[in-house]
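Novice: Take this structure first; my questions come after.
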Amino acid sequence: MTNKRDSIFAAVLLAAAFILVAVLDRVLPATGIIMTVLKKGCIYSLVAVSMNLLNGFTGLFSLGQAGFMLIGGYTYAILTIPPADRASVYQYFDGGIVQFAIPFWAGLIAAGLVAAFLAWLIGLPVLRLKSDYLAIATLGFAEIMRAIFQWDKLGPLTNGSNMLRKYPSFSSLMFPFAVAVICIALIVLLINSTYGRAFKAIRDDEVAAEAMGINLAHHKRMSFCISCFFAGIGGALLAMYQTTIQAMAFKSNMTYEILLIVVIGGLGSVTGSVLATFLFYAASEWWLRFLDSPLMIGSFQVPLLRSGFRKVVFSIVIMLIVLFARKGIMGDRELSLSGLMKLFGRKGKEASANE
Amino acid sequence: MSDTNANVLRLEHVTMQFGGVVAVSDFSMEVNQGEIVALIGPNGAGKTTAFNVITGVYEPTNGTVYFNGEAIVENYPKGKMKKLYLGDSSTICDKVISKTPDKITNLGIARTFQNIRLFKKMTVFENVLIARHMRSKANFMSATFRLNLQEEAENREKTLELLKLVGLDGMKDDLATSLPYGKQRRLEIARALATEPTLLLLDEPAAGMNPQETLELAHFIREIKDRFNLTVFVIEHHMDLVMEISDRIYVLDFGRMIASGTPEEIQNNQHVIDAYLGVQEDE
């Protein structure tokens, strides 16, 4: 009963969001600050949820997300630059070795598949490790990827340390929003399926999960590959959003940012990750912006407000969140109608009394 | 019942050595179809280690475990262990078979844990439902796109049936860890049954139960044994329970088997009284 009402609620909310996005696309300037926050929010929501699938639902502490985003972004860019523009993009490498282009949607899927394939390869040795060791190994892998993609010898493919550009991108908010919604919906469906339960079982107790007949190696690899598939798509979306892509930008910092979002949102909560992403980018790009510019009240200059102060305040806010809300905004719960009703007012009590 | 003499489980010369510590030494035993066999012994005698060897959690240092006539675990002292090995019969085995626990569960051996290992963040219902995962045929694609609805519904139905059987259907949406101790133990049994085993290993199912609950548990074990056509191998400290339900008993002390036989024989065995029952009377 509750389940059905919750799904209807979610569907209505999604439909409303789609309409809102369509309206925003017409009303807001495409390069405004709000648009930036919303677009980044959509892209990083997807990446954060994919990381949560691994860290929050399967209990594998991986720090390779930036590396797999890099792989996805590059795969997309390399495969979709129109042949006519290749000469100017690969100007130091005689136009590169790839001389065809695939449509953007195929590029997105290819981005995910290549990331997943590399995840499978690296997963064979790495997934035997546990907790911290897995984190170190995946972090190392991401850094190695960054170095390899900047390697001169691979220039004809990756353009070395030069940026890739002129591949198809998007300007509307609707595109990243739709892709993120579809991907996150797929992840949610997976999490609520029998495989998702198996992942959670591994997270809760590996020994018991194995004793219940769950093949640890198989399921861990599966979760890792699926997570990286969506991280790859997220990377491709990011490349589209930026219109240029350069391996240099995919530093471990990016992974930490995503990890932070996942932790703030709550390990094991999809809606938490999405909420936290939007809050995170709204705060860092928009709400706290004013801290960066000096402010004069009459002839009095407000102290401390100068370029870079925003990051100080932001860090303090994050520390406070981690100190006082250790499980993040949502813990491991999901945002749902019945949850909201329990939170606000008597209607929830009545409903739970009836059940 | 044992005239059919079909060994469901047979251990041959199983030795489990952790470095220089011998936890189980040259242990041979068998469990026949339809029997309830108990493994008893003082704390630290190696009972749970024996379970862990059978279920593939540990790789034994030496010895073979057969399940329905098929060797599921086998090892012999090699490498470093060759010098360190303190047990007997080191030349009998010559193969290495080490199936992972999930493969062994798949063959039909299910177990419960001495220190309850439920999935803490999940509900009672989900805890049992997870054990159905292994037997479902859906792959991750068909599961994601909900092409396995019928199978899923069957799994849920079976889960509910099992919960009714252990009397936990009323609290199926509670967190598993919120249950009282005795009910958590019952939940573990329900979860083990959901994997459709033919051999059930119970590791101290009556730990922490009062005499009344222990009595109920004895009835319950008999009931599920008949209902699911199980063979049961149980580790237990409660002598009342052991003497009540077991067909045969094996006694371990410091990793060595010191006696085996029917409950009456064990009760009158001087070795056992010295090693085990005698200690309890002193308390």
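Numbering starts fresh at 1 for the residues of each chain in the structure tokens, the chains themselves are lettered A, B, ... in the order given, and ligands are numbered from 1 as they appear.
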If we count only C-alpha atoms, what is near Ala247 of chain A at a cut-off of 6 Å, once residues fewer than 2 positions away on the same chain are taken out, given as a list in words?

Specialist: Arg146, Ala249 and Phe250 of chain A

Novice: Please write the residues from the selection above to a file, keeping N, CA and C atoms, as a PDB file, in the first residue's frame.

Specialist:
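As a result, part07.pdb now contains:
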ATOM      1  N   ARG A 146      45.234   8.956 -15.578  1.00  0.00           N
ATOM      2  CA  ARG A 146      45.448  10.368 -15.912  1.00  0.00           C
ATOM      3  C   ARG A 146      46.797  10.541 -16.606  1.00  0.00           C
ATOM      4  N   ALA A 249      42.525  17.681 -15.784  1.00  0.00           N
ATOM      5  CA  ALA A 249      41.489  18.163 -14.865  1.00  0.00           C
ATOM      6  C   ALA A 249      40.937  17.056 -13.969  1.00  0.00           C
ATOM      7  N   PHE A 250      41.153  15.794 -14.340  1.00  0.00           N
ATOM      8  CA  PHE A 250      40.534  14.699 -13.584  1.00  0.00           C
ATOM      9  C   PHE A 250      41.453  14.249 -12.448  1.00  0.00           C
TER      10      PHE A 250
END

Novice: With the cut-off set at 7 Å and counting only C-alpha atoms, tabulate each residue of chain B with an atom at most that distance from an atom of chain A, showing the nearest atom pair and its distance in Å to one decimal, ordered by chain and increasing number, as CSV.

Specialist:
residue,atom,partner,partner_atom,distance
B:Pro101,CA,A:Ala211,CA,5.6
B:Asp102,CA,A:Gly213,CA,3.8
B:Lys103,CA,A:Gly213,CA,6.5
B:Thr105,CA,A:Gly213,CA,5.2
B:Asn106,CA,A:Gly213,CA,5.9
B:Arg117,CA,A:Ala208,CA,6.1
B:Phe119,CA,A:Asp204,CA,5.3
B:Lys120,CA,A:Asp204,CA,6.3
B:Lys121,CA,A:Asp204,CA,6.9
B:Ile130,CA,A:Arg197,CA,6.2
B:Ala131,CA,A:Met212,CA,5.3
B:His133,CA,A:Thr194,CA,6.1
B:Met134,CA,A:Gly213,CA,5.5
B:Phe140,CA,A:Tyr195,CA,6.3
B:Ala143,CA,A:Ser193,CA,5.7
B:Thr144,CA,A:Leu190,CA,4.6
B:Thr195,CA,A:Met212,CA,6.7

Novice: For the atom pair atom CA of Gly95 of chain A and atom CA of Ala142 of chain A, what is the interatomic distance in Å to one decimal place?

Specialist: 27.1 Å

Novice: Residues of segment 136-241 of chain B in strand (DSSP E) according to DSSP, as an mmCIF file with all heavy atoms, in the first residue's frame?

Specialist:
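Wrote part14.cif, looks like this:
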data_model
loop_
_atom_site.group_PDB
_atom_site.id
_atom_site.type_symbol
_atom_site.label_atom_id
_atom_site.label_comp_id
_atom_site.auth_asym_id
_atom_site.auth_seq_id
_atom_site.Cartn_x
_atom_site.Cartn_y
_atom_site.Cartn_z
ATOM 1 N N LEU B 199 21.360 -30.605 4.059
ATOM 2 C CA LEU B 199 22.076 -30.765 5.324
ATOM 3 C C LEU B 199 22.103 -29.414 6.022
ATOM 4 O O LEU B 199 22.510 -28.417 5.444
ATOM 5 C CB LEU B 199 23.508 -31.247 5.064
ATOM 6 C CG LEU B 199 24.436 -31.304 6.278
ATOM 7 C CD1 LEU B 199 23.965 -32.328 7.283
ATOM 8 C CD2 LEU B 199 25.862 -31.621 5.845
ATOM 9 N N LEU B 200 21.644 -29.402 7.267
ATOM 10 C CA LEU B 200 21.603 -28.151 8.016
ATOM 11 C C LEU B 200 22.623 -28.217 9.152
ATOM 12 O O LEU B 200 22.602 -29.151 9.954
ATOM 13 C CB LEU B 200 20.188 -27.936 8.573
ATOM 14 C CG LEU B 200 19.910 -26.632 9.312
ATOM 15 C CD1 LEU B 200 20.096 -25.436 8.405
ATOM 16 C CD2 LEU B 200 18.502 -26.636 9.883
ATOM 17 N N LEU B 201 23.526 -27.250 9.187
ATOM 18 C CA LEU B 201 24.504 -27.183 10.266
ATOM 19 C C LEU B 201 24.079 -26.082 11.228
ATOM 20 O O LEU B 201 23.956 -24.928 10.832
ATOM 21 C CB LEU B 201 25.899 -26.857 9.710
ATOM 22 C CG LEU B 201 26.460 -27.728 8.593
ATOM 23 C CD1 LEU B 201 27.879 -27.279 8.265
ATOM 24 C CD2 LEU B 201 26.476 -29.179 8.995
ATOM 25 N N LEU B 202 23.854 -26.436 12.490
ATOM 26 C CA LEU B 202 23.430 -25.449 13.484
ATOM 27 C C LEU B 202 24.546 -25.258 14.502
ATOM 28 O O LEU B 202 24.956 -26.207 15.174
ATOM 29 C CB LEU B 202 22.156 -25.908 14.193
ATOM 30 C CG LEU B 202 20.933 -26.152 13.310
ATOM 31 C CD1 LEU B 202 19.811 -26.798 14.121
ATOM 32 C CD2 LEU B 202 20.460 -24.851 12.690
ATOM 33 N N ASP B 203 25.043 -24.041 14.598
ATOM 34 C CA ASP B 203 26.129 -23.763 15.532
ATOM 35 C C ASP B 203 25.568 -23.141 16.802
ATOM 36 O O ASP B 203 25.222 -21.968 16.822
ATOM 37 C CB ASP B 203 27.150 -22.832 14.857
ATOM 38 C CG ASP B 203 28.495 -22.854 15.574
ATOM 39 O OD1 ASP B 203 28.544 -23.339 16.719
ATOM 40 O OD2 ASP B 203 29.478 -22.390 14.984
ATOM 41 N N THR B 231 18.873 -33.483 6.994
ATOM 42 C CA THR B 231 19.802 -34.104 7.906
ATOM 43 C C THR B 231 20.380 -32.966 8.731
ATOM 44 O O THR B 231 20.676 -31.914 8.178
ATOM 45 C CB THR B 231 20.917 -34.805 7.121
ATOM 46 O OG1 THR B 231 20.311 -35.703 6.201
ATOM 47 C CG2 THR B 231 21.852 -35.546 8.039
ATOM 48 N N VAL B 232 20.502 -33.161 10.031
ATOM 49 C CA VAL B 232 20.924 -32.048 10.878
ATOM 50 C C VAL B 232 22.205 -32.401 11.621
ATOM 51 O O VAL B 232 22.335 -33.492 12.180
ATOM 52 C CB VAL B 232 19.816 -31.668 11.895
ATOM 53 C CG1 VAL B 232 20.273 -30.499 12.757
ATOM 54 C CG2 VAL B 232 18.529 -31.316 11.173
ATOM 55 N N PHE B 233 23.140 -31.475 11.593
ATOM 56 C CA PHE B 233 24.394 -31.628 12.325
ATOM 57 C C PHE B 233 24.501 -30.406 13.222
ATOM 58 O O PHE B 233 24.496 -29.286 12.744
ATOM 59 C CB PHE B 233 25.552 -31.703 11.321
ATOM 60 C CG PHE B 233 26.894 -31.990 11.943
ATOM 61 C CD1 PHE B 233 27.017 -32.674 13.135
ATOM 62 C CD2 PHE B 233 28.057 -31.570 11.310
ATOM 63 C CE1 PHE B 233 28.253 -32.940 13.699
ATOM 64 C CE2 PHE B 233 29.306 -31.833 11.859
ATOM 65 C CZ PHE B 233 29.393 -32.518 13.056
ATOM 66 N N VAL B 234 24.547 -30.652 14.540
ATOM 67 C CA VAL B 234 24.401 -29.527 15.459
ATOM 68 C C VAL B 234 25.543 -29.473 16.479
ATOM 69 O O VAL B 234 25.975 -30.496 17.002
ATOM 70 C CB VAL B 234 23.016 -29.578 16.149
ATOM 71 C CG1 VAL B 234 22.821 -30.889 16.859
ATOM 72 C CG2 VAL B 234 22.809 -28.421 17.112
ATOM 73 N N ILE B 235 26.043 -28.280 16.713
ATOM 74 C CA ILE B 235 26.984 -28.044 17.811
ATOM 75 C C ILE B 235 26.165 -27.483 18.956
ATOM 76 O O ILE B 235 25.354 -26.579 18.747
ATOM 77 C CB ILE B 235 28.040 -26.986 17.428
ATOM 78 C CG1 ILE B 235 28.965 -27.490 16.342
ATOM 79 C CG2 ILE B 235 28.841 -26.568 18.660
ATOM 80 C CD1 ILE B 235 29.970 -26.460 15.886
#

Novice: Using DSSP on the backbone, list every residue of segment 71-252 of chain B that comes out as helix (DSSP H, G or I), and give them as a PyMOL selection string.

Specialist: chain B and resi 81-84+101-107+124-130+140-144+149-165+169-171+176-178+181-193+211-228+239-245

Novice: Work out how far apart atom CA of Ile102 of chain A and atom CA of Met240 of chain A are and give it in Å to one decimal.

Specialist: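 Between these atoms lies a distance of 14.7 Å.
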
Novice: Near segment 291-298 of chain A, counting only C-alpha atoms, which residues have an atom at most 12 Å away, once you skip same-chain residues fewer than 6 positions from it, shown as a list of chain:residue names?

Specialist: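 In the requested form, the answer reads A:Ala283, A:Ser284, A:Glu285, A:Leu304, A:Leu305, A:Arg306, A:Ser307, A:Gly308, A:Phe309, A:Arg310, A:Lys311, A:Val312, A:Val313, A:Phe314.
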
Novice: Let me see the file: selected residues, N, CA and C atoms, as a short mmCIF file (atom, residue, chain, number, x, y, z; two decimals), in the first residue's frame.

Specialist:
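Produced file result_24.cif, reproduced below:
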data_model
loop_
_atom_site.label_atom_id
_atom_site.label_comp_id
_atom_site.auth_asym_id
_atom_site.auth_seq_id
_atom_site.Cartn_x
_atom_site.Cartn_y
_atom_site.Cartn_z
N ALA A 283 25.89 25.59 -2.96
CA ALA A 283 26.65 26.29 -1.92
C ALA A 283 28.01 26.75 -2.45
N SER A 284 28.72 25.85 -3.12
CA SER A 284 30.08 26.21 -3.50
C SER A 284 30.10 27.18 -4.69
N GLU A 285 29.11 27.13 -5.58
CA GLU A 285 29.17 27.97 -6.77
C GLU A 285 28.30 29.23 -6.65
N LEU A 304 37.88 39.82 6.51
CA LEU A 304 37.97 38.42 6.04
C LEU A 304 37.42 38.18 4.65
N LEU A 305 36.46 39.00 4.20
CA LEU A 305 35.86 38.73 2.89
C LEU A 305 36.86 39.08 1.80
N ARG A 306 37.40 38.09 1.20
CA ARG A 306 38.31 38.29 0.06
C ARG A 306 38.37 37.00 -0.73
N SER A 307 39.02 37.06 -1.87
CA SER A 307 39.07 35.91 -2.75
C SER A 307 39.65 34.70 -2.02
N GLY A 308 38.94 33.58 -2.07
CA GLY A 308 39.42 32.36 -1.44
C GLY A 308 38.76 32.09 -0.09
N PHE A 309 38.13 33.10 0.51
CA PHE A 309 37.52 32.91 1.81
C PHE A 309 36.34 31.95 1.75
N ARG A 310 35.69 31.93 0.59
CA ARG A 310 34.57 31.02 0.36
C ARG A 310 34.96 29.58 0.69
N LYS A 311 36.15 29.19 0.26
CA LYS A 311 36.57 27.81 0.46
C LYS A 311 36.77 27.50 1.94
N VAL A 312 37.21 28.53 2.69
CA VAL A 312 37.40 28.34 4.14
C VAL A 312 36.05 28.07 4.79
N VAL A 313 35.08 28.92 4.49
CA VAL A 313 33.75 28.77 5.09
C VAL A 313 33.13 27.44 4.69
N PHE A 314 33.29 27.13 3.41
CA PHE A 314 32.72 25.89 2.87
C PHE A 314 33.29 24.67 3.61
#
